[in-house]
$ cat my_file37.cif   # mmCIF, C-alpha atoms
data_target
#
loop_
_atom_site.label_atom_id
_atom_site.label_comp_id
_atom_site.auth_asym_id
_atom_site.auth_seq_id
_atom_site.Cartn_x
_atom_site.Cartn_y
_atom_site.Cartn_z
CA MET A 14 9.25 7.65 -29.70
CA ALA A 15 5.63 6.95 -28.86
CA VAL A 16 3.14 8.13 -31.45
CA PRO A 17 0.97 10.93 -30.05
CA GLU A 18 -2.58 9.65 -29.90
CA GLN A 19 -5.41 10.04 -27.40
CA ARG A 20 -3.59 12.00 -24.73
CA PRO A 21 -4.80 11.94 -21.16
CA ALA A 22 -6.29 15.02 -19.57
CA LEU A 23 -4.08 16.99 -17.22
CA PRO A 24 -3.36 15.13 -13.97
CA ASP A 25 -5.46 17.49 -11.86
CA GLN A 26 -8.52 16.68 -13.91
CA VAL A 27 -8.28 12.92 -13.51
CA SER A 28 -8.61 11.52 -10.03
CA GLU A 29 -6.21 9.03 -8.55
CA LEU A 30 -9.14 6.67 -8.29
CA THR A 31 -9.54 6.79 -12.06
CA THR A 32 -5.88 5.99 -12.70
CA ALA A 33 -6.11 3.15 -10.18
CA ARG A 34 -9.08 1.77 -12.13
CA LEU A 35 -7.18 2.07 -15.41
CA SER A 36 -4.42 -0.05 -13.83
CA VAL A 37 -6.96 -2.63 -12.77
CA TYR A 38 -8.56 -2.72 -16.24
CA LEU A 39 -5.12 -3.18 -17.74
CA ARG A 40 -4.52 -6.25 -15.58
CA ALA A 41 -7.88 -7.69 -16.55
CA LEU A 42 -7.05 -7.14 -20.23
CA ASP A 43 -3.62 -8.72 -19.78
CA GLN A 44 -5.35 -11.81 -18.38
CA LEU A 45 -7.82 -11.87 -21.27
CA ALA A 46 -5.02 -11.50 -23.83
CA ALA A 47 -3.08 -14.32 -22.19
CA ALA A 48 -6.21 -16.49 -22.46
CA GLY A 49 -6.56 -15.66 -26.17
CA THR A 50 -9.61 -13.36 -25.97
CA ARG A 51 -9.56 -10.90 -28.90
CA THR A 52 -12.56 -8.63 -28.25
CA ILE A 53 -14.77 -7.96 -25.22
CA SER A 54 -17.73 -5.70 -24.50
CA SER A 55 -17.75 -3.37 -21.50
CA ALA A 56 -20.64 -5.46 -20.09
CA ALA A 57 -18.67 -8.71 -20.37
CA LEU A 58 -15.55 -7.06 -18.94
CA ALA A 59 -17.62 -5.79 -16.01
CA ASP A 60 -19.29 -9.14 -15.44
CA ARG A 61 -16.09 -11.17 -15.69
CA PHE A 62 -14.04 -9.05 -13.26
CA GLY A 63 -16.74 -7.56 -11.05
CA PHE A 64 -16.39 -4.01 -12.41
CA ASN A 65 -19.14 -1.48 -13.05
CA ALA A 66 -19.88 -1.41 -16.81
CA ALA A 67 -21.09 2.20 -16.89
CA LEU A 68 -17.97 3.31 -15.02
CA ILE A 69 -15.67 1.46 -17.46
CA ARG A 70 -17.28 3.28 -20.39
CA LYS A 71 -17.03 6.61 -18.56
CA ASP A 72 -13.39 6.07 -17.52
CA LEU A 73 -12.30 5.13 -21.02
CA ALA A 74 -14.32 7.91 -22.64
CA CYS A 75 -12.13 10.40 -20.72
CA PHE A 76 -9.25 9.32 -22.92
CA GLY A 77 -10.94 9.09 -26.34
CA GLU A 78 -13.15 6.61 -28.15
CA PHE A 79 -11.94 3.03 -27.86
CA GLY A 80 -14.89 0.70 -28.28
CA VAL A 81 -16.80 -0.18 -31.44
CA ARG A 82 -20.54 -0.10 -30.84
CA GLY A 83 -22.00 -3.62 -30.84
CA VAL A 84 -18.56 -5.29 -30.91
CA GLY A 85 -16.85 -3.97 -27.82
CA TYR A 86 -13.18 -3.37 -27.30
CA ASP A 87 -10.28 -4.86 -29.18
CA VAL A 88 -8.35 -6.34 -26.24
CA ASP A 89 -4.86 -5.78 -27.62
CA GLU A 90 -5.59 -2.29 -28.88
CA LEU A 91 -7.09 -1.26 -25.55
CA ARG A 92 -4.12 -2.73 -23.66
CA HIS A 93 -1.73 -0.67 -25.74
CA HIS A 94 -3.83 2.45 -25.27
CA LEU A 95 -3.95 1.97 -21.51
CA ARG A 96 -0.21 1.31 -21.30
CA HIS A 97 0.36 4.51 -23.27
CA ILE A 98 -2.05 6.54 -21.12
CA LEU A 99 -0.34 5.26 -17.97
CA GLY A 100 3.07 6.09 -19.46
CA LEU A 101 4.17 2.45 -19.20
CA ASP A 102 5.18 2.13 -22.85
CA ARG A 103 8.37 4.10 -22.34
CA GLY A 104 9.55 2.21 -19.24
CA LEU A 105 10.18 3.80 -15.85
CA ARG A 106 13.58 3.93 -14.16
CA LEU A 107 13.53 3.57 -10.37
CA VAL A 108 16.04 4.11 -7.63
CA ILE A 109 15.48 2.44 -4.26
CA ILE A 110 16.81 4.37 -1.26
CA GLY A 111 17.14 2.27 1.88
CA ALA A 112 18.59 -1.24 1.56
CA GLY A 113 16.83 -2.79 4.55
CA ASN A 114 14.75 -5.96 4.12
CA LEU A 115 12.02 -4.13 2.26
CA GLY A 116 14.39 -2.22 -0.04
CA LEU A 117 16.19 -5.46 -0.87
CA ALA A 118 12.88 -7.23 -1.51
CA LEU A 119 11.80 -4.47 -3.90
CA ALA A 120 15.18 -4.37 -5.66
CA ASP A 121 14.77 -8.05 -6.56
CA TYR A 122 11.01 -7.95 -7.22
CA PRO A 123 10.46 -9.83 -10.51
CA GLY A 124 7.06 -8.20 -11.12
CA PHE A 125 8.57 -4.81 -12.02
CA ALA A 126 9.99 -5.92 -15.36
CA ALA A 127 6.64 -7.17 -16.65
CA ASP A 128 5.26 -3.70 -16.13
CA GLY A 129 8.19 -1.90 -17.75
CA PHE A 130 9.84 -0.73 -14.52
CA SER A 131 13.55 -1.21 -13.99
CA VAL A 132 15.81 -0.58 -11.01
CA ALA A 133 18.63 1.82 -11.87
CA GLY A 134 20.19 1.80 -8.41
CA LEU A 135 19.91 0.75 -4.78
CA PHE A 136 21.25 3.08 -2.09
CA ASP A 137 21.99 3.16 1.61
CA VAL A 138 24.20 5.08 4.05
CA ALA A 139 25.42 2.20 6.23
CA PRO A 140 29.12 1.46 5.57
CA ALA A 141 28.47 -2.24 6.26
CA LYS A 142 25.94 -2.40 3.44
CA VAL A 143 27.55 -0.19 0.80
CA GLY A 144 29.41 -2.36 -1.72
CA THR A 145 27.45 -5.53 -0.93
CA ARG A 146 24.69 -6.87 -3.19
CA SER A 147 21.06 -7.96 -2.99
CA ARG A 148 20.34 -11.67 -3.55
CA GLY A 149 19.45 -10.75 -7.11
CA GLY A 150 22.87 -9.14 -7.56
CA ILE A 151 22.03 -5.43 -7.38
CA GLU A 152 24.88 -3.48 -5.81
CA ILE A 153 24.19 -1.23 -2.83
CA ARG A 154 25.74 2.22 -3.36
CA HIS A 155 26.24 5.12 -1.00
CA VAL A 156 23.53 7.80 -1.23
CA ASP A 157 26.21 10.39 -1.94
CA GLY A 158 26.19 8.96 -5.47
CA LEU A 159 22.43 9.46 -5.85
CA PRO A 160 22.42 12.84 -7.71
CA SER A 161 24.89 11.74 -10.37
CA LEU A 162 23.09 8.44 -11.00
CA ILE A 163 19.67 10.14 -11.20
CA ASP A 164 21.07 12.52 -13.77
CA ARG A 165 23.10 9.94 -15.75
CA GLU A 166 20.38 7.28 -15.89
CA ALA A 167 17.38 9.63 -16.32
CA VAL A 168 15.71 8.17 -13.23
CA ASP A 169 11.96 8.80 -12.98
CA VAL A 170 10.91 7.57 -9.54
CA ALA A 171 12.57 7.35 -6.11
CA VAL A 172 11.30 4.49 -3.95
CA VAL A 173 12.01 5.43 -0.32
CA THR A 174 12.29 2.61 2.22
CA VAL A 175 14.36 4.28 4.95
CA PRO A 176 13.32 4.48 8.63
CA SER A 177 10.75 7.21 9.39
CA ALA A 178 13.27 9.48 11.05
CA ALA A 179 15.34 9.62 7.84
CA ALA A 180 12.38 9.93 5.45
CA GLN A 181 12.17 13.72 5.07
CA GLY A 182 15.91 14.13 4.57
CA THR A 183 15.96 11.36 1.99
CA VAL A 184 13.02 12.84 0.10
CA ASP A 185 14.69 16.27 0.14
CA ARG A 186 17.87 14.80 -1.36
CA ALA A 187 15.94 13.00 -4.10
CA VAL A 188 13.95 16.12 -4.98
CA ALA A 189 17.11 18.26 -5.02
CA ALA A 190 18.57 15.74 -7.47
CA GLY A 191 15.62 16.30 -9.81
CA ILE A 192 13.17 13.52 -8.84
CA ARG A 193 9.50 14.48 -9.29
CA ALA A 194 7.77 11.21 -8.35
CA ILE A 195 8.26 9.41 -5.05
CA LEU A 196 6.89 6.15 -3.71
CA ILE A 197 7.41 6.08 0.04
CA PHE A 198 7.07 3.15 2.44
CA SER A 199 8.17 4.98 5.59
CA PRO A 200 5.23 5.73 7.92
CA GLY A 201 4.34 9.37 8.56
CA THR A 202 4.06 12.34 6.25
CA VAL A 203 6.73 14.11 4.19
CA ARG A 204 6.65 17.57 2.63
CA VAL A 205 7.56 18.14 -1.02
CA PRO A 206 7.52 21.25 -3.20
CA PRO A 207 4.70 21.80 -5.73
CA GLY A 208 5.10 19.69 -8.88
CA VAL A 209 6.43 16.67 -6.99
CA LYS A 210 4.06 13.73 -6.54
CA VAL A 211 4.24 11.39 -3.55
CA ARG A 212 2.37 8.08 -3.24
CA SER A 213 2.68 6.26 0.04
CA VAL A 214 2.39 2.59 0.85
CA ASP A 215 1.69 2.17 4.53
CA VAL A 216 1.43 -1.40 5.75
CA THR A 217 0.69 -0.46 9.35
CA LEU A 218 -2.24 1.71 8.29
CA SER A 219 -3.80 -1.26 6.48
CA LEU A 220 -3.25 -3.51 9.48
CA GLU A 221 -4.85 -0.95 11.79
CA SER A 222 -7.88 -0.84 9.51
CA LEU A 223 -8.17 -4.64 9.79
CA SER A 224 -7.71 -4.39 13.55
CA PHE A 225 -10.59 -1.90 13.70
CA PHE A 226 -12.79 -4.26 11.68
CA LEU A 227 -12.01 -7.17 14.03
CA ALA A 228 -12.53 -5.05 17.17
CA ASN A 229 -15.99 -4.07 15.94
CA GLU A 230 -16.87 -7.61 14.96
CA ARG A 231 -16.00 -8.79 18.46
CA HIS A 232 -18.05 -6.00 19.95
CA ALA A 233 -21.02 -6.80 17.70
CA ARG A 234 -20.90 -10.41 18.92
CA ASN A 235 -20.29 -9.56 22.58
CA PRO A 236 -21.73 -6.12 23.38
CA ASP A 237 -20.68 -4.84 26.82
CA MET B 5 -9.16 -7.01 29.86
CA ALA B 6 -9.91 -3.62 28.35
CA VAL B 7 -12.54 -1.57 30.11
CA PRO B 8 -15.57 -1.08 27.89
CA GLU B 9 -15.83 2.60 27.12
CA GLN B 10 -16.79 4.60 24.03
CA ARG B 11 -17.31 1.80 21.56
CA PRO B 12 -16.98 2.43 17.86
CA ALA B 13 -20.00 2.31 15.60
CA LEU B 14 -20.47 -0.80 13.51
CA PRO B 15 -17.87 -1.12 10.75
CA ASP B 16 -20.36 -0.47 7.96
CA GLN B 17 -21.17 2.91 9.43
CA VAL B 18 -17.60 4.13 9.59
CA SER B 19 -15.74 4.51 6.35
CA GLU B 20 -12.29 3.14 5.74
CA LEU B 21 -11.20 6.71 5.20
CA THR B 22 -12.23 7.54 8.76
CA THR B 23 -10.28 4.63 10.25
CA ALA B 24 -7.26 5.65 8.15
CA ARG B 25 -7.53 9.16 9.60
CA LEU B 26 -7.78 7.77 13.13
CA SER B 27 -4.51 5.90 12.48
CA VAL B 28 -2.90 9.10 11.29
CA TYR B 29 -4.15 11.07 14.33
CA LEU B 30 -2.76 8.33 16.56
CA ARG B 31 0.71 8.72 15.00
CA ALA B 32 0.55 12.49 15.45
CA LEU B 33 -0.42 12.02 19.11
CA ASP B 34 2.39 9.47 19.61
CA GLN B 35 4.83 12.10 18.34
CA LEU B 36 3.36 14.76 20.62
CA ALA B 37 3.53 12.43 23.63
CA ALA B 38 7.16 11.59 22.84
CA ALA B 39 7.89 15.32 22.75
CA GLY B 40 6.25 15.82 26.17
CA THR B 41 3.07 17.62 25.02
CA ARG B 42 0.23 16.98 27.50
CA THR B 43 -2.80 18.71 25.94
CA ILE B 44 -3.59 20.02 22.47
CA SER B 45 -6.59 21.69 20.83
CA SER B 46 -8.06 20.36 17.60
CA ALA B 47 -6.97 23.62 15.92
CA ALA B 48 -3.35 23.18 17.06
CA LEU B 49 -3.39 19.49 16.09
CA ALA B 50 -4.69 20.45 12.65
CA ASP B 51 -2.16 23.23 12.23
CA ARG B 52 0.80 21.21 13.41
CA PHE B 53 0.16 18.16 11.18
CA GLY B 54 -1.72 19.71 8.27
CA PHE B 55 -5.07 18.14 9.19
CA ASN B 56 -8.53 19.68 8.87
CA ALA B 57 -9.66 20.85 12.36
CA ALA B 58 -13.40 20.48 11.67
CA LEU B 59 -12.84 16.96 10.35
CA ILE B 60 -10.82 15.97 13.45
CA ARG B 61 -13.69 17.08 15.70
CA LYS B 62 -16.22 15.25 13.52
CA ASP B 63 -14.16 12.04 13.35
CA LEU B 64 -13.62 11.92 17.08
CA ALA B 65 -17.22 12.86 17.85
CA CYS B 66 -18.27 9.60 16.11
CA PHE B 67 -16.70 7.73 18.99
CA GLY B 68 -17.83 9.82 21.96
CA GLU B 69 -16.80 13.06 23.63
CA PHE B 70 -13.06 13.38 24.10
CA GLY B 71 -12.13 17.04 24.22
CA VAL B 72 -12.67 19.57 26.99
CA ARG B 73 -14.01 22.85 25.66
CA GLY B 74 -11.38 25.59 25.81
CA VAL B 75 -8.60 23.17 26.81
CA GLY B 76 -8.53 20.64 24.00
CA TYR B 77 -7.59 17.01 24.17
CA ASP B 78 -5.56 15.23 26.81
CA VAL B 79 -2.88 13.71 24.57
CA ASP B 80 -2.39 10.50 26.55
CA GLU B 81 -6.07 9.92 27.14
CA LEU B 82 -6.87 10.41 23.45
CA ARG B 83 -4.03 8.06 22.44
CA HIS B 84 -5.45 5.35 24.67
CA HIS B 85 -8.96 5.91 23.34
CA LEU B 86 -7.77 5.72 19.74
CA ARG B 87 -5.75 2.57 20.40
CA HIS B 88 -8.82 1.02 21.99
CA ILE B 89 -11.11 2.08 19.12
CA LEU B 90 -8.65 0.64 16.60
CA GLY B 91 -8.44 -2.57 18.64
CA LEU B 92 -4.69 -2.14 19.11
CA ASP B 93 -4.80 -2.42 22.91
CA ARG B 94 -5.26 -6.18 22.79
CA GLY B 95 -2.49 -6.88 20.28
CA LEU B 96 -2.97 -8.56 16.92
CA ARG B 97 -1.47 -11.91 15.97
CA LEU B 98 -0.37 -12.25 12.36
CA VAL B 99 0.67 -15.11 10.15
CA ILE B 100 2.65 -14.40 7.01
CA ILE B 101 2.05 -16.78 4.11
CA GLY B 102 4.73 -16.67 1.42
CA ALA B 103 8.37 -16.52 2.53
CA GLY B 104 9.75 -14.70 -0.52
CA ASN B 105 11.74 -11.49 -0.10
CA LEU B 106 8.68 -9.50 0.88
CA GLY B 107 7.36 -12.11 3.34
CA LEU B 108 10.79 -12.30 4.97
CA ALA B 109 11.01 -8.50 5.14
CA LEU B 110 7.61 -8.32 6.83
CA ALA B 111 8.42 -11.17 9.23
CA ASP B 112 11.40 -9.20 10.53
CA TYR B 113 9.79 -5.74 10.38
CA PRO B 114 10.58 -4.03 13.71
CA GLY B 115 7.71 -1.52 13.38
CA PHE B 116 5.03 -4.14 14.08
CA ALA B 117 5.86 -4.54 17.77
CA ALA B 118 5.46 -0.82 18.50
CA ASP B 119 1.93 -1.03 17.21
CA GLY B 120 1.04 -4.18 19.14
CA PHE B 121 1.29 -6.60 16.21
CA SER B 122 3.21 -9.85 16.52
CA VAL B 123 4.11 -12.54 14.02
CA ALA B 124 2.80 -15.95 15.11
CA GLY B 125 4.14 -17.82 12.10
CA LEU B 126 5.74 -17.64 8.65
CA PHE B 127 4.69 -20.16 6.01
CA ASP B 128 5.67 -21.38 2.57
CA VAL B 129 5.29 -24.48 0.41
CA ALA B 130 8.82 -24.71 -1.05
CA PRO B 131 10.71 -27.67 0.47
CA ALA B 132 13.97 -25.69 0.17
CA LYS B 133 12.57 -22.94 2.41
CA VAL B 134 10.62 -24.93 4.99
CA GLY B 135 12.74 -25.41 8.11
CA THR B 136 15.04 -22.44 7.38
CA ARG B 137 14.73 -19.09 9.17
CA SER B 138 14.42 -15.40 8.38
CA ARG B 139 17.38 -13.16 9.28
CA GLY B 140 15.47 -12.24 12.42
CA GLY B 141 15.21 -15.95 13.33
CA ILE B 142 11.57 -16.69 12.48
CA GLU B 143 11.19 -20.27 11.28
CA ILE B 144 9.54 -20.97 7.93
CA ARG B 145 6.90 -23.69 8.30
CA HIS B 146 4.96 -25.65 5.72
CA VAL B 147 1.48 -24.25 5.02
CA ASP B 148 -0.03 -27.63 5.89
CA GLY B 149 0.53 -26.55 9.51
CA LEU B 150 -1.42 -23.31 9.03
CA PRO B 151 -4.86 -24.39 10.35
CA SER B 152 -3.51 -25.84 13.59
CA LEU B 153 -1.34 -22.77 14.28
CA ILE B 154 -4.18 -20.34 13.53
CA ASP B 155 -6.34 -22.21 15.99
CA ARG B 156 -3.69 -22.73 18.67
CA GLU B 157 -2.32 -19.18 18.63
CA ALA B 158 -5.63 -17.36 18.07
CA VAL B 159 -4.31 -15.69 14.94
CA ASP B 160 -6.22 -12.59 13.83
CA VAL B 161 -4.78 -11.62 10.45
CA ALA B 162 -3.26 -13.50 7.50
CA VAL B 163 -0.69 -11.50 5.55
CA VAL B 164 -0.51 -13.02 2.05
CA THR B 165 2.68 -12.48 0.03
CA VAL B 166 2.52 -15.40 -2.40
CA PRO B 167 2.70 -15.04 -6.20
CA SER B 168 -0.55 -13.92 -7.84
CA ALA B 169 -1.33 -17.35 -9.26
CA ALA B 170 -1.34 -18.83 -5.73
CA ALA B 171 -3.23 -15.97 -4.07
CA GLN B 172 -6.81 -17.25 -4.27
CA GLY B 173 -5.90 -20.75 -3.08
CA THR B 174 -3.91 -19.30 -0.17
CA VAL B 175 -6.74 -16.98 0.84
CA ASP B 176 -9.21 -19.89 0.67
CA ARG B 177 -7.01 -21.95 2.98
CA ALA B 178 -6.67 -19.11 5.48
CA VAL B 179 -10.43 -18.45 5.48
CA ALA B 180 -11.18 -22.16 5.88
CA ALA B 181 -8.88 -22.12 8.92
CA GLY B 182 -10.96 -19.35 10.50
CA ILE B 183 -9.17 -16.15 9.41
CA ARG B 184 -11.51 -13.17 8.95
CA ALA B 185 -9.00 -10.42 8.13
CA ILE B 186 -6.50 -10.58 5.29
CA LEU B 187 -3.78 -8.22 4.15
CA ILE B 188 -2.74 -9.16 0.65
CA PHE B 189 0.28 -8.00 -1.36
CA SER B 190 -0.30 -10.17 -4.42
CA PRO B 191 -1.58 -8.14 -7.39
CA GLY B 192 -5.07 -8.88 -8.68
CA THR B 193 -8.36 -9.52 -6.93
CA VAL B 194 -9.39 -12.36 -4.63
CA ARG B 195 -12.87 -13.49 -3.61
CA VAL B 196 -13.81 -14.03 0.03
CA PRO B 197 -17.08 -14.95 1.71
CA PRO B 198 -19.16 -12.28 3.51
CA GLY B 199 -17.78 -11.37 6.93
CA VAL B 200 -14.15 -11.61 5.79
CA LYS B 201 -12.28 -8.35 5.26
CA VAL B 202 -9.47 -7.96 2.73
CA ARG B 203 -7.12 -4.99 2.49
CA SER B 204 -4.68 -4.96 -0.35
CA VAL B 205 -1.27 -3.33 -0.70
CA ASP B 206 -0.39 -3.04 -4.35
CA VAL B 207 3.00 -1.52 -5.10
CA THR B 208 2.63 -1.75 -8.87
CA LEU B 209 -0.64 0.17 -8.74
CA SER B 210 1.08 3.03 -6.90
CA LEU B 211 3.94 3.04 -9.39
CA GLU B 212 1.52 3.13 -12.31
CA SER B 213 -0.18 6.14 -10.77
CA LEU B 214 3.19 7.90 -10.56
CA SER B 215 3.92 6.86 -14.14
CA PHE B 216 0.63 8.44 -15.22
CA PHE B 217 1.53 11.66 -13.41
CA LEU B 218 4.93 11.81 -15.12
CA ALA B 219 3.48 11.00 -18.57
CA ASN B 220 1.05 13.89 -18.21
CA GLU B 221 3.73 16.26 -16.97
CA ARG B 222 5.86 15.48 -20.01
CA HIS B 223 2.88 16.02 -22.26
CA ALA B 224 2.06 19.34 -20.59
CA ARG B 225 5.62 20.54 -21.18
CA ASN B 226 5.88 19.19 -24.73
CA PRO B 227 2.43 19.08 -26.30
CA ASP B 228 2.37 17.29 -29.65
#
$ encode --input "my_file37.cif" --output "structure tokens"
Amino acid sequence: MAVPEQRPALPDQVSELTTARLSVYLRALDQLAAAGTRTISSAALADRFGFNAALIRKDLACFGEFGVRGVGYDVDELRHHLRHILGLDRGLRLVIIGAGNLGLALADYPGFAADGFSVAGLFDVAPAKVGTRSRGGIEIRHVDGLPSLIDREAVDVAVVTVPSAAAQGTVDRAVAAGIRAILIFSPGTVRVPPGVKVRSVDVTLSLESLSFFLANERHARNPD
Amino acid sequence: MAVPEQRPALPDQVSELTTARLSVYLRALDQLAAAGTRTISSAALADRFGFNAALIRKDLACFGEFGVRGVGYDVDELRHHLRHILGLDRGLRLVIIGAGNLGLALADYPGFAADGFSVAGLFDVAPAKVGTRSRGGIEIRHVDGLPSLIDREAVDVAVVTVPSAAAQGTVDRAVAAGIRAILIFSPGTVRVPPGVKVRSVDVTLSLESLSFFLANERHARNPD
């Protein structure tokens, strides 16, 4: 298994913003590695990708000492550290619940594999869908089979893409089956017990924020 | 057109967090209206949906006086105000660029209409896709037709669902055609000129945050 090394602080002590930045650093380092760059200073990393150099040093210092003074970071070493910190080195198993357009799109998303994520199952309740397959060939199973698959395949994350009205019930089923991390695309809020983490992706919320920006721009140009 | 009333402050003065909360309040009010509730106090609104009552009053006070002391908010009136503040009362026209699984899923997403969004066009560059249709019947056009459609249909927002490598070029084309608001699903960062707003939806980032949470949980249970 993975060698214990610089372990992250407890989740409560590290903000979601910090983990989001670690993800962004990792992508930058992946790009650098692909381009053949072997070492980079925090200043050059900041300059190249528009990050804040002081913040990079602070973020990485939370997780141990990575850089060598005067030389900077070893790109490959830092990539591996970040992947380990983010838990990506062991691979995450996902189930997708809700085989609508979005669920099907996610089931076949080629970007997951690069990051170490794999889809262990795709579920729905509609008799017309159960037994059919996504374009990529992933079979749609009935949600009644969810608990046994979660257990058998050691599933880590439930990705929930059901209609809003079914969201809470679906989340409850996943949690009852032992899931402790949920990525939800259904609008609205869901309740989970302590110890279960929910991240939500809400397209409409982002569009409303853009709408607000445009409404204000119009108003700024044409005040009443 | 819409009657000028309490106009929002300039975008710079209102944080994205505030607009996100306004969107969430709007959904709560939509639910209350559907259930027949006519008036509600900020305390009851907070209690019912798990919001912070003081923050609700502060957020809404930014945009004028809505509540009546001792009675609370008129649910319908506040819904209309929020829709106006968010610019949803005029309807937003979207184009979707990238007709992969995700682009097709978004093109056919039934939730857009309820919020006043409509899809003016769906674009791709692949000859095999151009001329075919989404399941919902939206035709896939070649991106060369993007500028004329944006102009002709007064498109407000470009939704970009192309692969990462094509993201910057696609955004540049949309901006050159007059788009000032972009919702992007491609991982990585894109550069836009001042006055253009980008919101990004990054599924992998959310999954990595969940991965981090799980890695720390494991470590907390089984310290080395």
$ resolve_selection --input "my_file37.cif" --expression "the PyMOL selection byres ((chain B and resi 209) around 9)" --output "list in words"
Thr32, Ala33, Ser36 and Val37 of chain A; Pro191, Val205, Asp206, Val207, Thr208, Ser210, Leu211, Glu212, Ser213 and Leu214 of chain B
$ interface_residues --input "my_file37.cif" --of "chain B" --to "chain A" --cutoff "7 Å" --atoms "only C-alpha atoms" --output "PyMOL selection string"
chain B and resi 8+12+14-15+23-24+27+89-92+105-106+109+185+203+209-210+212-217+219-220+228
$ residues_around --input "my_file37.cif" --residues "B:Asp34" --least-positions-apart "6" --cutoff "10 Å" --atoms "only C-alpha atoms" --output "PyMOL selection string"
chain B and resi 28+40-41+79-80+83
$ atom_distance --input "my_file37.cif" --atom1 "atom CA of B:Val147" --atom2 "atom CA of B:Pro197"
21.0 Å
$ residues_near_point --input "my_file37.cif" --point "(-9.7, -10.3, -28.6)" --cutoff "12 Å" --atoms "only C-alpha atoms" --output "PyMOL selection string"
chain A and resi 42-54+58+84-92
$ atom_distance --input "my_file37.cif" --atom1 "atom CA of A:Phe64" --atom2 "atom CA of A:Tyr38"
8.8 Å
$ resolve_selection --input "my_file37.cif" --expression "the PyMOL selection byres ((chain A and resi 191) around 8)" --output "JSON, numbers by chain"
{"A": [160, 163, 164, 187, 188, 189, 190, 192, 193]}
$ residues_around --input "my_file37.cif" --residues "B:Leu150" --least-positions-apart "6" --cutoff "12 Å" --atoms "all atoms listed in the file" --output "list in words"
Leu98, Val99, Ile100, Ile101, Gly102, Ala124, Gly125, Leu126, Phe127, Asp128, Val129, Ile144, Arg156, Glu157, Ala158, Val159, Ala162, Thr174, Val175, Asp176, Arg177, Ala178, Val179, Ala180, Ala181, Gly182 and Ile183 of chain B
$ axis_aligned_box --input "my_file37.cif" --around "stretch 134-139 of chain A" --padding-each-side "4 Å" --output "lines of an AutoDock Vina configuration file"
center_x = 22.7
center_y = 2.9
center_z = -1.1
size_x = 13.5
size_y = 12.3
size_z = 22.6
$ closest_residue --input "my_file37.cif" --among "A:Ile69, A:Ser199, A:Ala112, A:Ala179" --to "A:Glu152" --atoms "all atoms listed in the file"
A:Ala112
$ atom_distance --input "my_file37.cif" --atom1 "atom CA of B:His84" --atom2 "atom CA of A:Thr174"
28.7 Å
$ build_atoms --input "my_file37.cif" --residues "stretch 145-156 of chain B" --atoms "N, CA and C atoms" --output "PDB file, in the frame of the given file"
ATOM      1  N   ARG B 145       7.591 -22.410   8.173  1.00  0.00           N
ATOM      2  CA  ARG B 145       6.900 -23.690   8.300  1.00  0.00           C
ATOM      3  C   ARG B 145       6.125 -24.010   7.034  1.00  0.00           C
ATOM      4  N   HIS B 146       5.759 -25.261   6.887  1.00  0.00           N
ATOM      5  CA  HIS B 146       4.960 -25.650   5.720  1.00  0.00           C
ATOM      6  C   HIS B 146       3.506 -25.226   5.945  1.00  0.00           C
ATOM      7  N   VAL B 147       2.851 -24.741   4.879  1.00  0.00           N
ATOM      8  CA  VAL B 147       1.480 -24.250   5.020  1.00  0.00           C
ATOM      9  C   VAL B 147       0.498 -25.325   5.493  1.00  0.00           C
ATOM     10  N   ASP B 148       0.870 -26.591   5.366  1.00  0.00           N
ATOM     11  CA  ASP B 148      -0.030 -27.630   5.890  1.00  0.00           C
ATOM     12  C   ASP B 148      -0.255 -27.447   7.394  1.00  0.00           C
ATOM     13  N   GLY B 149       0.676 -26.772   8.067  1.00  0.00           N
ATOM     14  CA  GLY B 149       0.530 -26.550   9.510  1.00  0.00           C
ATOM     15  C   GLY B 149      -0.246 -25.286   9.845  1.00  0.00           C
ATOM     16  N   LEU B 150      -0.731 -24.588   8.813  1.00  0.00           N
ATOM     17  CA  LEU B 150      -1.420 -23.310   9.030  1.00  0.00           C
ATOM     18  C   LEU B 150      -2.682 -23.433   9.895  1.00  0.00           C
ATOM     19  N   PRO B 151      -3.623 -24.338   9.567  1.00  0.00           N
ATOM     20  CA  PRO B 151      -4.860 -24.390  10.350  1.00  0.00           C
ATOM     21  C   PRO B 151      -4.614 -24.621  11.842  1.00  0.00           C
ATOM     22  N   SER B 152      -3.705 -25.542  12.169  1.00  0.00           N
ATOM     23  CA  SER B 152      -3.510 -25.840  13.590  1.00  0.00           C
ATOM     24  C   SER B 152      -2.878 -24.644  14.300  1.00  0.00           C
ATOM     25  N   LEU B 153      -1.952 -23.931  13.632  1.00  0.00           N
ATOM     26  CA  LEU B 153      -1.340 -22.770  14.280  1.00  0.00           C
ATOM     27  C   LEU B 153      -2.341 -21.641  14.450  1.00  0.00           C
ATOM     28  N   ILE B 154      -3.177 -21.409  13.432  1.00  0.00           N
ATOM     29  CA  ILE B 154      -4.180 -20.340  13.530  1.00  0.00           C
ATOM     30  C   ILE B 154      -5.094 -20.588  14.717  1.00  0.00           C
ATOM     31  N   ASP B 155      -5.466 -21.828  14.896  1.00  0.00           N
ATOM     32  CA  ASP B 155      -6.340 -22.210  15.990  1.00  0.00           C
ATOM     33  C   ASP B 155      -5.629 -22.089  17.342  1.00  0.00           C
ATOM     34  N   ARG B 156      -4.434 -22.649  17.413  1.00  0.00           N
ATOM     35  CA  ARG B 156      -3.690 -22.730  18.670  1.00  0.00           C
ATOM     36  C   ARG B 156      -3.271 -21.349  19.164  1.00  0.00           C
TER      37      ARG B 156
END
